[in-house]
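See below for input-v1.txt, which holds compact mmCIF, C-alpha atoms.
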# COMPACT_ATOMS: atom_id res chain seq x y z
CA MET R 1 216.11 40.00 294.61
CA LEU R 2 212.47 40.98 295.21
CA ASN R 3 213.39 43.01 298.30
CA LYS R 4 216.10 44.88 296.36
CA LEU R 5 213.61 45.65 293.60
CA ARG R 6 211.17 47.05 296.15
CA ILE R 7 213.89 49.22 297.64
CA SER R 8 214.85 50.56 294.21
CA LEU R 9 211.24 51.31 293.33
CA PHE R 10 210.89 53.15 296.63
CA LEU R 11 213.96 55.24 295.78
CA LEU R 12 212.47 56.03 292.39
CA ILE R 13 209.20 57.23 293.93
CA VAL R 14 210.97 59.28 296.61
CA THR R 15 213.16 61.07 294.07
CA ILE R 16 210.43 61.77 291.50
CA GLY R 17 209.49 65.03 293.20
CA GLN R 18 213.09 66.18 293.11
CA VAL R 19 213.86 65.00 289.58
CA THR R 20 210.86 66.87 288.22
CA ALA R 21 211.76 70.05 290.08
CA GLN R 22 212.05 73.06 287.81
CA LYS R 23 215.48 74.12 286.61
CA MET R 24 215.95 77.80 287.48
CA VAL R 25 218.36 78.69 284.66
CA ASN R 26 217.28 81.80 282.78
CA SER R 27 216.98 81.27 279.02
CA PRO R 28 214.78 83.75 277.12
CA TYR R 29 214.54 81.19 274.29
CA ALA R 30 212.43 79.10 276.68
CA ARG R 31 209.57 81.49 275.79
CA PHE R 32 208.83 79.55 272.61
CA GLY R 33 207.20 76.18 272.01
CA PRO R 34 208.20 73.47 274.48
CA GLY R 35 210.95 75.61 276.04
CA THR R 36 214.64 74.78 275.92
CA LEU R 37 215.14 71.11 275.08
CA GLU R 38 217.23 68.95 277.39
CA PRO R 39 219.86 66.79 275.63
CA ALA R 40 218.84 63.12 275.70
CA GLY R 41 221.03 60.61 277.50
CA LEU R 42 222.83 59.89 280.74
CA PHE R 43 226.20 61.36 281.64
CA LYS R 44 228.27 58.68 279.92
CA SER R 45 226.82 59.37 276.48
CA LEU R 46 226.47 63.11 277.14
CA SER R 47 230.22 63.20 277.88
CA MET R 48 230.75 61.81 274.38
CA GLY R 49 228.91 64.65 272.68
CA GLY R 50 225.49 63.10 273.25
CA ALA R 51 226.06 60.31 270.70
CA ALA R 52 224.14 57.23 271.85
CA THR R 53 222.19 55.66 268.97
CA ALA R 54 224.73 52.84 268.54
CA LEU R 55 226.01 52.78 272.14
CA ARG R 56 225.82 49.31 273.66
CA ASP R 57 227.37 48.66 277.06
CA PRO R 58 226.37 45.91 279.54
CA LEU R 59 227.09 48.25 282.47
CA THR R 60 225.32 51.35 281.11
CA ILE R 61 221.63 52.18 280.66
CA ASN R 62 221.15 53.76 277.23
CA PHE R 63 217.48 54.78 277.02
CA VAL R 64 218.15 56.77 273.83
CA ASN R 65 218.08 53.48 271.90
CA PRO R 66 215.94 50.83 273.63
CA ALA R 67 217.58 48.10 271.51
CA SER R 68 220.60 48.44 273.82
CA TYR R 69 218.70 46.81 276.71
CA ALA R 70 219.32 43.38 275.17
CA GLY R 71 223.01 43.83 275.97
CA VAL R 72 222.51 44.05 279.73
CA ASP R 73 224.59 41.51 281.68
CA THR R 74 222.61 38.31 282.28
CA ASN R 75 222.90 38.42 286.10
CA SER R 76 222.95 42.16 286.61
CA PHE R 77 220.82 44.97 287.93
CA VAL R 78 221.88 48.55 287.15
CA PHE R 79 220.60 51.60 289.02
CA ASP R 80 221.72 55.07 287.96
CA PHE R 81 220.79 58.44 289.41
CA GLY R 82 222.37 61.79 288.72
CA LEU R 83 222.50 65.45 289.68
CA ASP R 84 223.60 68.39 287.59
CA TYR R 85 224.71 71.98 287.97
CA ARG R 86 224.16 74.45 285.15
CA MET R 87 225.28 78.03 284.68
CA ILE R 88 224.28 80.19 281.74
CA ALA R 89 225.52 83.58 280.56
CA LEU R 90 223.32 85.80 278.39
CA SER R 91 224.80 88.50 276.17
CA ASP R 92 223.25 91.00 273.76
CA GLY R 93 226.58 92.53 272.77
CA GLU R 94 226.47 95.17 275.49
CA ASN R 95 225.07 93.57 278.63
CA ARG R 96 225.82 90.25 280.28
CA GLU R 97 223.78 88.32 282.87
CA LEU R 98 224.48 85.08 284.76
CA SER R 99 222.13 82.53 286.29
CA ASP R 100 222.69 79.05 287.68
CA ASP R 101 220.91 76.09 289.24
CA PHE R 102 221.67 72.76 290.93
CA ASN R 103 219.09 70.00 290.64
CA PHE R 104 218.36 66.31 290.17
CA HIS R 105 218.83 65.10 286.60
CA HIS R 106 217.64 61.49 286.26
CA VAL R 107 216.88 58.20 287.93
CA VAL R 108 216.84 55.00 285.82
CA MET R 109 217.07 51.21 286.29
CA SER R 110 217.59 48.15 284.10
CA PHE R 111 217.81 44.37 284.46
CA PRO R 112 217.72 41.30 282.17
CA LEU R 113 214.56 39.35 281.41
CA THR R 114 216.27 36.40 279.75
CA LYS R 115 219.72 35.74 278.29
CA ARG R 116 218.67 37.59 275.14
CA SER R 117 216.36 40.29 276.47
CA GLY R 118 216.36 43.16 278.92
CA PHE R 119 214.13 45.79 280.50
CA ALA R 120 214.66 49.39 281.67
CA PHE R 121 212.61 52.23 283.08
CA GLY R 122 213.19 55.65 284.59
CA LEU R 123 212.51 59.35 284.77
CA VAL R 124 214.43 61.96 282.74
CA PRO R 125 213.98 65.65 281.82
CA TYR R 126 212.53 66.73 278.47
CA SER R 127 212.46 70.55 278.45
CA SER R 128 212.58 73.60 280.70
CA GLY R 129 210.26 76.59 280.46
CA TYR R 130 212.03 78.91 282.89
CA TYR R 131 212.96 82.48 281.95
CA ASN R 132 212.83 85.86 283.62
CA ILE R 133 213.24 89.00 281.50
CA SER R 134 212.61 92.60 282.51
CA ALA R 135 213.16 95.96 280.83
CA GLU R 136 212.75 99.41 282.36
CA THR R 137 212.06 102.69 280.59
CA LEU R 138 213.65 105.52 282.57
CA PRO R 139 214.17 109.25 282.08
CA GLY R 140 216.86 109.75 279.48
CA ASP R 141 215.97 106.65 277.49
CA ALA R 142 215.13 107.19 273.81
CA ASP R 143 211.59 105.83 274.17
CA TYR R 144 210.81 107.57 277.48
CA ASP R 145 207.55 109.54 277.48
CA PRO R 146 207.28 112.12 280.32
CA LEU R 147 203.47 111.95 280.13
CA ILE R 148 203.56 108.25 280.98
CA GLY R 149 206.62 108.18 283.19
CA GLU R 150 208.68 105.17 284.15
CA THR R 151 207.50 101.73 283.02
CA VAL R 152 208.61 98.14 283.55
CA ASN R 153 208.01 95.26 281.17
CA ILE R 154 208.39 91.81 282.76
CA HIS R 155 208.25 88.45 280.98
CA LYS R 156 208.45 85.31 283.08
CA GLY R 157 208.10 81.58 282.51
CA THR R 158 208.01 78.68 284.95
CA GLY R 159 207.59 74.93 284.76
CA SER R 160 208.96 72.04 282.74
CA PHE R 161 208.09 68.89 280.82
CA ASN R 162 209.48 65.53 281.96
CA LYS R 163 209.45 62.01 280.61
CA PHE R 164 208.90 58.65 282.24
CA PHE R 165 209.92 55.71 280.05
CA ALA R 166 209.73 51.94 280.21
CA GLY R 167 211.07 49.65 277.54
CA ALA R 168 212.28 46.21 276.57
CA ALA R 169 214.58 44.69 273.97
CA VAL R 170 215.31 41.26 272.55
CA ALA R 171 218.17 39.82 270.50
CA PRO R 172 216.50 37.32 268.10
CA VAL R 173 219.84 36.41 266.49
CA LYS R 174 223.46 37.04 267.38
CA ASN R 175 224.58 40.70 267.15
CA LEU R 176 221.06 41.94 266.29
CA SER R 177 218.76 43.53 268.84
CA ILE R 178 215.45 45.35 268.57
CA GLY R 179 213.66 47.30 271.26
CA VAL R 180 210.86 49.70 272.06
CA ASN R 181 210.23 52.36 274.71
CA ILE R 182 206.87 53.69 275.75
CA GLU R 183 207.39 57.27 276.90
CA PHE R 184 204.94 59.23 279.03
CA LEU R 185 205.40 62.98 278.69
CA PHE R 186 203.91 65.19 281.41
CA GLY R 187 204.28 68.56 283.08
CA SER R 188 203.16 72.16 282.74
CA ILE R 189 204.56 75.51 281.66
CA GLU R 190 203.15 78.90 282.66
CA ARG R 191 204.13 82.13 280.88
CA SER R 192 203.21 85.67 281.89
CA ASN R 193 203.75 89.20 280.58
CA ASN R 194 203.37 92.26 282.81
CA PHE R 195 203.42 95.91 281.78
CA LEU R 196 203.67 98.19 284.81
CA PHE R 197 203.38 101.96 285.18
CA ASN R 198 205.61 103.09 288.04
CA SER R 199 205.11 106.85 288.01
CA GLY R 200 201.52 107.09 289.15
CA THR R 201 198.21 105.43 289.90
CA ASN R 202 196.21 106.90 287.03
CA TYR R 203 197.05 104.02 284.72
CA TYR R 204 196.02 100.39 284.61
CA ASN R 205 198.80 97.86 284.66
CA ASN R 206 198.37 95.05 282.15
CA ARG R 207 198.96 91.32 282.54
CA THR R 208 198.58 88.40 280.18
CA SER R 209 199.28 84.79 281.11
CA GLU R 210 198.94 81.31 279.66
CA THR R 211 199.29 77.84 281.11
CA ILE R 212 199.86 74.63 279.15
CA LEU R 213 199.38 71.31 280.95
CA LEU R 214 200.67 68.42 278.83
CA ARG R 215 200.14 64.67 279.09
CA GLY R 216 200.34 61.75 276.72
CA HIS R 217 202.50 58.90 275.50
CA ASN R 218 204.50 57.88 272.46
CA PHE R 219 206.70 55.00 271.31
CA VAL R 220 210.38 54.99 270.37
CA TYR R 221 211.64 52.07 268.28
CA GLY R 222 215.27 51.06 268.12
CA LEU R 223 217.56 48.65 266.34
CA GLN R 224 221.25 47.79 266.70
CA TYR R 225 223.37 45.45 264.62
CA GLY R 226 227.00 44.56 265.26
CA ILE R 227 229.71 43.19 262.98
CA ASN R 228 232.67 41.38 264.56
CA LEU R 229 235.83 42.69 262.93
CA SER R 230 238.06 40.53 265.14
CA GLU R 231 237.96 38.89 268.57
CA THR R 232 238.22 42.28 270.28
CA ARG R 233 236.91 44.76 267.68
CA MET R 234 233.31 45.39 266.72
CA LEU R 235 231.44 47.84 264.49
CA THR R 236 227.85 48.53 265.55
CA ALA R 237 225.18 50.46 263.67
CA GLY R 238 222.04 51.80 265.31
CA VAL R 239 218.82 53.52 264.33
CA THR R 240 215.91 54.93 266.32
CA TYR R 241 212.56 56.29 265.20
CA SER R 242 209.57 57.89 266.86
CA ALA R 243 206.52 59.06 264.94
CA GLY R 244 204.87 62.44 265.35
CA LYS R 245 202.21 62.23 268.03
CA ASP R 246 199.21 64.23 269.22
CA TYR R 247 199.19 64.87 272.96
CA LYS R 248 196.35 66.13 275.11
CA ALA R 249 196.94 69.58 276.57
CA ASP R 250 194.83 71.73 278.89
CA TYR R 251 195.24 75.33 277.79
CA GLU R 252 194.32 78.41 279.80
CA SER R 253 194.88 82.06 278.91
CA LEU R 254 194.05 85.26 280.76
CA ALA R 255 194.32 88.95 279.91
CA ALA R 256 193.63 91.45 282.68
CA ARG R 257 194.28 94.99 283.80
CA TYR R 258 194.54 96.22 287.35
CA SER R 259 195.27 99.31 289.40
CA LEU R 260 197.46 99.79 292.45
CA TYR R 261 194.32 100.59 294.40
CA THR R 262 192.68 97.66 296.20
CA GLY R 263 189.12 98.97 296.30
CA SER R 264 186.43 97.19 294.34
CA PHE R 265 186.19 99.95 291.71
CA TYR R 266 189.89 99.67 290.95
CA SER R 267 190.22 95.92 291.33
CA THR R 268 191.36 93.54 288.61
CA ASP R 269 189.41 93.83 285.37
CA THR R 270 189.42 90.68 283.24
CA LEU R 271 189.71 91.56 279.56
CA SER R 272 189.59 88.02 278.22
CA TYR R 273 189.72 84.50 279.61
CA GLU R 274 189.92 81.09 278.04
CA GLY R 275 190.01 78.21 280.49
CA GLY R 276 189.42 74.51 280.66
CA THR R 277 190.11 74.19 276.95
CA GLU R 278 191.47 70.87 275.78
CA ALA R 279 193.90 71.50 272.94
CA ILE R 280 195.78 69.12 270.70
CA LEU R 281 199.53 69.54 270.89
CA THR R 282 201.60 67.70 268.28
CA LEU R 283 205.22 66.79 268.92
CA PRO R 284 207.44 65.85 265.99
CA GLN R 285 208.79 62.64 264.52
CA GLN R 286 212.48 61.95 265.03
CA LEU R 287 214.93 59.75 263.17
CA SER R 288 218.49 59.03 264.29
CA PHE R 289 221.37 57.04 262.77
CA GLY R 290 224.52 56.10 264.66
CA ILE R 291 227.71 54.12 264.37
CA ASN R 292 229.99 52.74 267.08
CA TYR R 293 233.50 51.30 266.77
CA THR R 294 234.73 49.48 269.88
CA VAL R 295 237.85 47.73 271.07
CA THR R 296 236.83 45.55 274.03
CA ASP R 297 237.53 47.14 277.44
CA ARG R 298 239.61 49.90 275.87
CA LEU R 299 238.18 52.16 273.15
CA THR R 300 234.78 53.42 271.97
CA ILE R 301 234.19 55.84 269.08
CA LEU R 302 230.62 57.07 268.44
CA ALA R 303 228.89 59.29 265.89
CA ASP R 304 225.19 60.19 265.41
CA TYR R 305 223.06 62.13 262.97
CA THR R 306 219.57 63.11 264.14
CA THR R 307 216.75 64.95 262.38
CA THR R 308 213.60 66.10 264.17
CA LYS R 309 210.68 67.49 262.17
CA TRP R 310 209.72 70.37 264.44
CA SER R 311 208.26 72.17 261.41
CA GLU R 312 205.41 69.62 261.56
CA ALA R 313 204.79 70.17 265.28
CA GLN R 314 201.84 72.12 266.61
CA PHE R 315 202.18 74.07 269.82
CA PRO R 316 199.43 76.51 270.87
CA GLY R 317 200.49 79.99 269.73
CA TYR R 318 204.06 79.08 268.78
CA ASP R 319 203.94 77.15 265.48
CA GLN R 320 205.60 79.99 263.57
CA TYR R 321 208.73 79.72 265.75
CA LEU R 322 209.38 76.02 265.09
CA THR R 323 211.52 74.50 262.33
CA ASP R 324 213.37 71.24 261.66
CA ARG R 325 216.29 70.48 263.95
CA ASN R 326 219.33 68.63 262.58
CA SER R 327 222.26 67.66 264.78
CA ILE R 328 225.58 65.83 264.57
CA ASN R 329 227.02 64.29 267.74
CA ALA R 330 230.34 62.48 268.11
CA GLY R 331 232.59 61.28 270.90
CA ILE R 332 235.24 58.92 272.12
CA SER R 333 236.06 57.07 275.34
CA PHE R 334 239.34 55.43 276.31
CA ILE R 335 240.48 53.20 279.20
CA PRO R 336 244.29 52.81 279.52
CA ASP R 337 244.16 49.45 281.32
CA LYS R 338 240.89 48.19 282.80
CA THR R 339 242.58 45.29 284.63
CA SER R 340 245.35 47.33 286.25
CA ASN R 341 245.84 46.53 289.94
CA SER R 342 248.48 49.16 290.66
CA ARG R 343 247.24 52.42 289.12
CA PHE R 344 243.72 53.71 289.67
CA LEU R 345 244.04 56.25 286.85
CA ASP R 346 244.68 53.42 284.38
CA ARG R 347 241.21 52.01 285.18
CA VAL R 348 239.42 55.33 284.66
CA GLU R 349 237.33 55.73 281.49
CA TYR R 350 238.18 59.09 279.87
CA ARG R 351 235.56 60.67 277.56
CA LEU R 352 235.51 63.50 275.04
CA GLY R 353 232.94 64.69 272.50
CA GLY R 354 231.09 67.49 270.79
CA HIS R 355 227.95 68.40 268.92
CA THR R 356 226.70 70.94 266.41
CA ALA R 357 223.08 71.61 265.50
CA LYS R 358 220.60 73.89 263.84
CA SER R 359 218.07 74.66 266.56
CA HIS R 360 214.35 73.91 266.47
CA LEU R 361 213.69 77.64 266.89
CA VAL R 362 213.36 80.44 264.33
CA VAL R 363 213.20 83.82 266.08
CA ASN R 364 212.97 87.13 264.19
CA GLY R 365 213.40 85.21 260.95
CA GLU R 366 216.68 83.53 262.00
CA GLN R 367 217.29 79.89 262.89
CA LEU R 368 219.42 79.61 266.02
CA LYS R 369 222.68 77.68 265.94
CA GLU R 370 224.06 75.41 268.67
CA PHE R 371 227.54 74.12 269.39
CA GLY R 372 229.11 72.33 272.34
CA ILE R 373 232.10 70.35 273.57
CA THR R 374 231.94 67.79 276.36
CA PHE R 375 234.28 65.97 278.71
CA GLY R 376 233.82 63.24 281.26
CA ALA R 377 235.23 60.39 283.26
CA GLY R 378 234.00 57.10 284.65
CA LEU R 379 235.57 56.41 288.04
CA PRO R 380 235.39 52.72 289.00
CA MET R 381 234.47 51.82 292.56
CA ASN R 382 236.80 49.41 294.33
CA ARG R 383 236.08 45.70 293.86
CA SER R 384 232.91 46.45 291.92
CA LYS R 385 231.59 47.12 288.45
CA SER R 386 229.80 50.17 289.84
CA MET R 387 231.00 53.56 288.67
CA ILE R 388 230.87 57.27 289.44
CA ASN R 389 230.32 59.31 286.27
CA LEU R 390 231.51 62.89 285.91
CA PHE R 391 230.32 65.15 283.10
CA LEU R 392 231.49 68.59 281.94
CA GLY R 393 229.85 70.46 279.10
CA TYR R 394 230.45 73.84 277.48
CA GLY R 395 228.26 75.17 274.69
CA THR R 396 226.59 78.08 272.95
CA ARG R 397 223.20 78.91 271.49
CA LYS R 398 223.58 81.81 269.06
CA GLY R 399 221.52 84.38 267.23
CA SER R 400 222.79 87.53 265.54
CA PHE R 401 222.65 90.85 267.37
CA GLU R 402 221.52 92.51 264.12
CA ASN R 403 218.21 90.61 264.42
CA ASP R 404 217.76 91.70 268.06
CA LEU R 405 218.72 88.27 269.33
CA HIS R 406 221.13 87.32 272.08
CA ASN R 407 223.78 84.66 272.66
CA GLU R 408 223.73 82.07 275.41
CA THR R 409 226.86 80.41 276.75
CA TYR R 410 226.32 77.57 279.18
CA PHE R 411 228.42 75.35 281.42
CA ASN R 412 227.20 72.00 282.77
CA PHE R 413 228.58 69.78 285.50
CA GLY R 414 226.98 66.40 286.12
CA LEU R 415 227.56 63.72 288.73
CA SER R 416 225.89 60.32 288.65
CA PHE R 417 226.21 57.07 290.57
CA ASN R 418 225.90 53.95 288.45
CA PHE R 419 225.36 51.00 290.78
CA TYR R 420 225.82 47.47 289.45
CA ASP R 421 224.71 44.44 291.43
CA ASN R 422 224.45 40.69 290.78
CA TRP R 423 220.83 39.93 291.61
CA PHE R 424 220.22 36.71 289.76
CA GLU R 425 223.18 34.49 290.69
CA LYS R 426 222.39 31.35 292.66
CA ARG R 427 224.19 30.79 295.91
CA LYS R 428 227.04 28.29 295.66
CA TYR R 429 227.22 27.72 299.42
CA ASN R 430 224.66 27.83 302.21
Translate the structure of the given file into structure tokens.
Amino acid sequence: MLNKLRISLFLLIVTIGQVTAQKMVNSPYARFGPGTLEPAGLFKSLSMGGAATALRDPLTINFVNPASYAGVDTNSFVFDFGLDYRMIALSDGENRELSDDFNFHHVVMSFPLTKRSGFAFGLVPYSSGYYNISAETLPGDADYDPLIGETVNIHKGTGSFNKFFAGAAVAPVKNLSIGVNIEFLFGSIERSNNFLFNSGTNYYNNRTSETILLRGHNFVYGLQYGINLSETRMLTAGVTYSAGKDYKADYESLAARYSLYTGSFYSTDTLSYEGGTEAILTLPQQLSFGINYTVTDRLTILADYTTTKWSEAQFPGYDQYLTDRNSINAGISFIPDKTSNSRFLDRVEYRLGGHTAKSHLVVNGEQLKEFGITFGAGLPMNRSKSMINLFLGYGTRKGSFENDLHNETYFNFGLSFNFYDNWFEKRKYN
């Protein structure tokens, strides 16, 4: 068992560089606050609309609610890593632009500590700060000035925030479990704005940039309680809570002008610089309630309500864009016949879900709206409890064109490998 654990830890370390790689999907809304938030969960729960507060499955790692770790099989070890592809379409009512990216999504592990307790840890995404926006002013445009000539305005963001978690849970009495995660948030986002004069060398181009390097930790507390309705039916309620937390952030900003000439007289002229400043960045408290109705080895129905107090968050330069986020997530999974020996499709777990939310962003006086539908399947591997998870998601993030906002339509495809192994069984024969 120790050798297998070492191998798994090695795989975690090797993949960290890939998991934390930046997602290159262009979203102009990533310009504000922490960027575009990644939905929490692995592909099983994401396929069911992202509902996971009351999800409890001995074969699945549910880091959204750490209380679920107490339900891990007594003799098991679960290792799950996933990749995702994302495509996004931007529209302002007249123009449309596509971007896409393929990247690592997560790597997580869990195993039991005792018959009534479990442990899990892993690396998952938190937010993406990537965007690339440019606008040209050309002859014939309404705001074109022949004295200035052609200009280009470029806004670009890079980087991301990621989260490493480790947590444990215990079931002090039957059907009740409590758990806690410690979550380490880290990463950096850099944003730049360039204003370029293309028609001559008599003007100074202008550039402003800022970099935010974030690090710190917080705790997420979870509870789940189940009620046996019959021998095969159970109703489970779940709740999670994390308090608002101050994180340390290194903040750097630069404003400069420069000419196309490279001589010393025309070189870059720094207008202002603020570097090495340690700022306090406050991320919000979050409270989630969930319910889960299950029929053993056949049916799961989930629903969540989550509120996140982004209005209380502090993010250097972006507080005025943040507001409370409220979301509803729901989903269902169904297995026709888990014990079927003749039909593979009868052993597949089919999943469906959706979510609706008021975004954490207010831009031009309007709170953005989000909506999505999700699909998925769990494909069992032969003679094993291991599973291949497929995830499909379609959604929108909307603002009104009247307020000079744009709409985003996105498509997600996820693939993960959920490996289950019996690590703690004693040998019956030598």
Pull the neighbourhood of (227.6, 46.5, 268.5) for me: all residues within 7 Å in file coordinates, counting only C-alpha atoms, as a JSON list (two decimals) with C-alpha atoms, in the coordinates of the input.
[["chain", "number", "residue", "atom", "x", "y", "z"],
["R", 54, "ALA", "CA", 224.73, 52.84, 268.54],
["R", 56, "ARG", "CA", 225.82, 49.31, 273.66],
["R", 175, "ASN", "CA", 224.58, 40.70, 267.15],
["R", 224, "GLN", "CA", 221.25, 47.79, 266.70],
["R", 225, "TYR", "CA", 223.37, 45.45, 264.62],
["R", 226, "GLY", "CA", 227.00, 44.56, 265.26],
["R", 227, "ILE", "CA", 229.71, 43.19, 262.98],
["R", 234, "MET", "CA", 233.31, 45.39, 266.72],
["R", 235, "LEU", "CA", 231.44, 47.84, 264.49],
["R", 236, "THR", "CA", 227.85, 48.53, 265.55],
["R", 237, "ALA", "CA", 225.18, 50.46, 263.67],
["R", 292, "ASN", "CA", 229.99, 52.74, 267.08]]
Using all atoms listed in the file, which protein or nucleic acid residues come within 8 Å of Phe391 (chain R)? Drop anything in the same chain fewer than 3 positions from it, and give the result as an mmCIF file with C-alpha atoms, keeping the file's coordinate frame.
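Output (out-v4.cif):
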data_model
loop_
_atom_site.group_PDB
_atom_site.id
_atom_site.type_symbol
_atom_site.label_atom_id
_atom_site.label_comp_id
_atom_site.auth_asym_id
_atom_site.auth_seq_id
_atom_site.Cartn_x
_atom_site.Cartn_y
_atom_site.Cartn_z
ATOM 1 C CA PHE R 43 226.200 61.360 281.640
ATOM 2 C CA LYS R 44 228.270 58.680 279.920
ATOM 3 C CA LEU R 46 226.470 63.110 277.140
ATOM 4 C CA SER R 47 230.220 63.200 277.880
ATOM 5 C CA THR R 374 231.940 67.790 276.360
ATOM 6 C CA PHE R 375 234.280 65.970 278.710
ATOM 7 C CA GLY R 376 233.820 63.240 281.260
ATOM 8 C CA ALA R 377 235.230 60.390 283.260
ATOM 9 C CA ASN R 412 227.200 72.000 282.770
ATOM 10 C CA PHE R 413 228.580 69.780 285.500
ATOM 11 C CA GLY R 414 226.980 66.400 286.120
ATOM 12 C CA LEU R 415 227.560 63.720 288.730
#
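As for CA of Glu38 (chain R) and CA of Gly93 (chain R), they are spaced 25.8 Å apart.
Selection around (215.7, 70.8, 272.5) with radius 7 Å, counting all atoms listed in the file, yields the residues Thr36, Leu37, Glu38, Pro39, Ser127 and His360 of chain R.
Proximity of R:Thr60, R:Asn95, R:Ser177, R:Thr339 to Gly378 (chain R), computed with only C-alpha atoms, is greatest for R:Thr60.
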Hey, what's within 6 Å of Tyr131 (chain R) if we count all atoms listed in the file and toss same-chain stuff fewer than 3 positions away? As a PDB file with C-alpha atoms, in the coordinates of the input, please?
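File selection17.pdb, as written:
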ATOM      1  CA  ASN R  26     217.280  81.800 282.780  1.00  0.00           C
ATOM      2  CA  SER R  27     216.980  81.270 279.020  1.00  0.00           C
ATOM      3  CA  PRO R  28     214.780  83.750 277.120  1.00  0.00           C
ATOM      4  CA  LYS R 156     208.450  85.310 283.080  1.00  0.00           C
ATOM      5  CA  GLY R 157     208.100  81.580 282.510  1.00  0.00           C
TER       6      GLY R 157
END
>> My list of candidates is R:Val362, R:Trp310, R:Leu299, R:Gln320. Which is closest to Ile335 (chain R) when distances are computed with only C-alpha atoms?
In response: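 Result for the nearest residue to Ile335 (chain R): R:Leu299.
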> So, counting only C-alpha atoms, which residue among R:Ala67, R:Leu254, R:Ala166, R:Leu213 is closest to Met109 (chain R)?
Replying inline: R:Ala166
> Suppose you want the space between CA of Tyr251 (chain R) and CA of Ile280 (chain R); what is it in Å?
Replying inline: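 These atoms are spaced 9.4 Å apart.
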> Of the candidates R:Gly317, R:Glu210, R:Tyr305, R:Thr296, which shows the shortest atom-to-atom distance to Lys338 (chain R), using only C-alpha atoms?
Replying inline: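 Smallest distance to Lys338 (chain R) is found for R:Thr296.
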Once 3 Å is added on each side, what are the centre and the three edge lengths, in Å to one decimal, of the axis-aligned box enclosing the listed atoms of region 292-302 of chain R? Present them as AutoDock Vina command-line options.
--center_x 234.8 --center_y 51.3 --center_z 272.1 --size_x 15.6 --size_y 17.5 --size_z 16.7
>> Can you pull out the residues contacting Met387 (chain R)? Cut-off 7 Å, using all atoms listed in the file, and skip same-chain residues under 3 positions away; I want them as a PyMOL selection string.
In response: chain R and resi 378-381+417-419
> So, counting all atoms listed in the file, which residue among R:Ser188, R:Leu223, R:Val124, R:Leu113 is closest to Gly290 (chain R)?
Replying inline: R:Leu223
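Interatomic distance, CA of Tyr321 (chain R) against CA of Asn103 (chain R): 28.7 Å.
Comparing R:Ser230, R:Ser327, R:Ser117, R:Ser192 by their smallest distance to Ile178 (chain R), the closest is R:Ser117 (using all atoms listed in the file).
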> Which neighbours of Val363 (chain R) fall inside 9 Å, counting only C-alpha atoms, when residues of the same chain fewer than 5 positions from it are skipped, and could you give them as a ChimeraX atom specification?
Replying inline: /R:29,32,320-322,368,399,403,405
Name the residues in contact with Phe111 (chain R) at a cut-off of 12 Å, using all atoms listed in the file, excluding same-chain residues fewer than 3 positions from it; report them as a CSV table (one decimal) with C-alpha atoms, in the frame of the given file.
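around.csv, freshly written:
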chain,number,residue,atom,x,y,z
R,1,MET,CA,216.1,40.0,294.6
R,5,LEU,CA,213.6,45.6,293.6
R,8,SER,CA,214.8,50.6,294.2
R,58,PRO,CA,226.4,45.9,279.5
R,59,LEU,CA,227.1,48.2,282.5
R,60,THR,CA,225.3,51.4,281.1
R,61,ILE,CA,221.6,52.2,280.7
R,68,SER,CA,220.6,48.4,273.8
R,69,TYR,CA,218.7,46.8,276.7
R,70,ALA,CA,219.3,43.4,275.2
R,71,GLY,CA,223.0,43.8,276.0
R,72,VAL,CA,222.5,44.0,279.7
R,73,ASP,CA,224.6,41.5,281.7
R,74,THR,CA,222.6,38.3,282.3
R,75,ASN,CA,222.9,38.4,286.1
R,76,SER,CA,223.0,42.2,286.6
R,77,PHE,CA,220.8,45.0,287.9
R,78,VAL,CA,221.9,48.6,287.2
R,79,PHE,CA,220.6,51.6,289.0
R,80,ASP,CA,221.7,55.1,288.0
R,108,VAL,CA,216.8,55.0,285.8
R,114,THR,CA,216.3,36.4,279.8
R,115,LYS,CA,219.7,35.7,278.3
R,116,ARG,CA,218.7,37.6,275.1
R,117,SER,CA,216.4,40.3,276.5
R,118,GLY,CA,216.4,43.2,278.9
R,119,PHE,CA,214.1,45.8,280.5
R,120,ALA,CA,214.7,49.4,281.7
R,121,PHE,CA,212.6,52.2,283.1
R,166,ALA,CA,209.7,51.9,280.2
R,167,GLY,CA,211.1,49.6,277.5
R,168,ALA,CA,212.3,46.2,276.6
R,169,ALA,CA,214.6,44.7,274.0
R,419,PHE,CA,225.4,51.0,290.8
R,420,TYR,CA,225.8,47.5,289.4
R,421,ASP,CA,224.7,44.4,291.4
R,422,ASN,CA,224.4,40.7,290.8
R,423,TRP,CA,220.8,39.9,291.6
R,424,PHE,CA,220.2,36.7,289.8
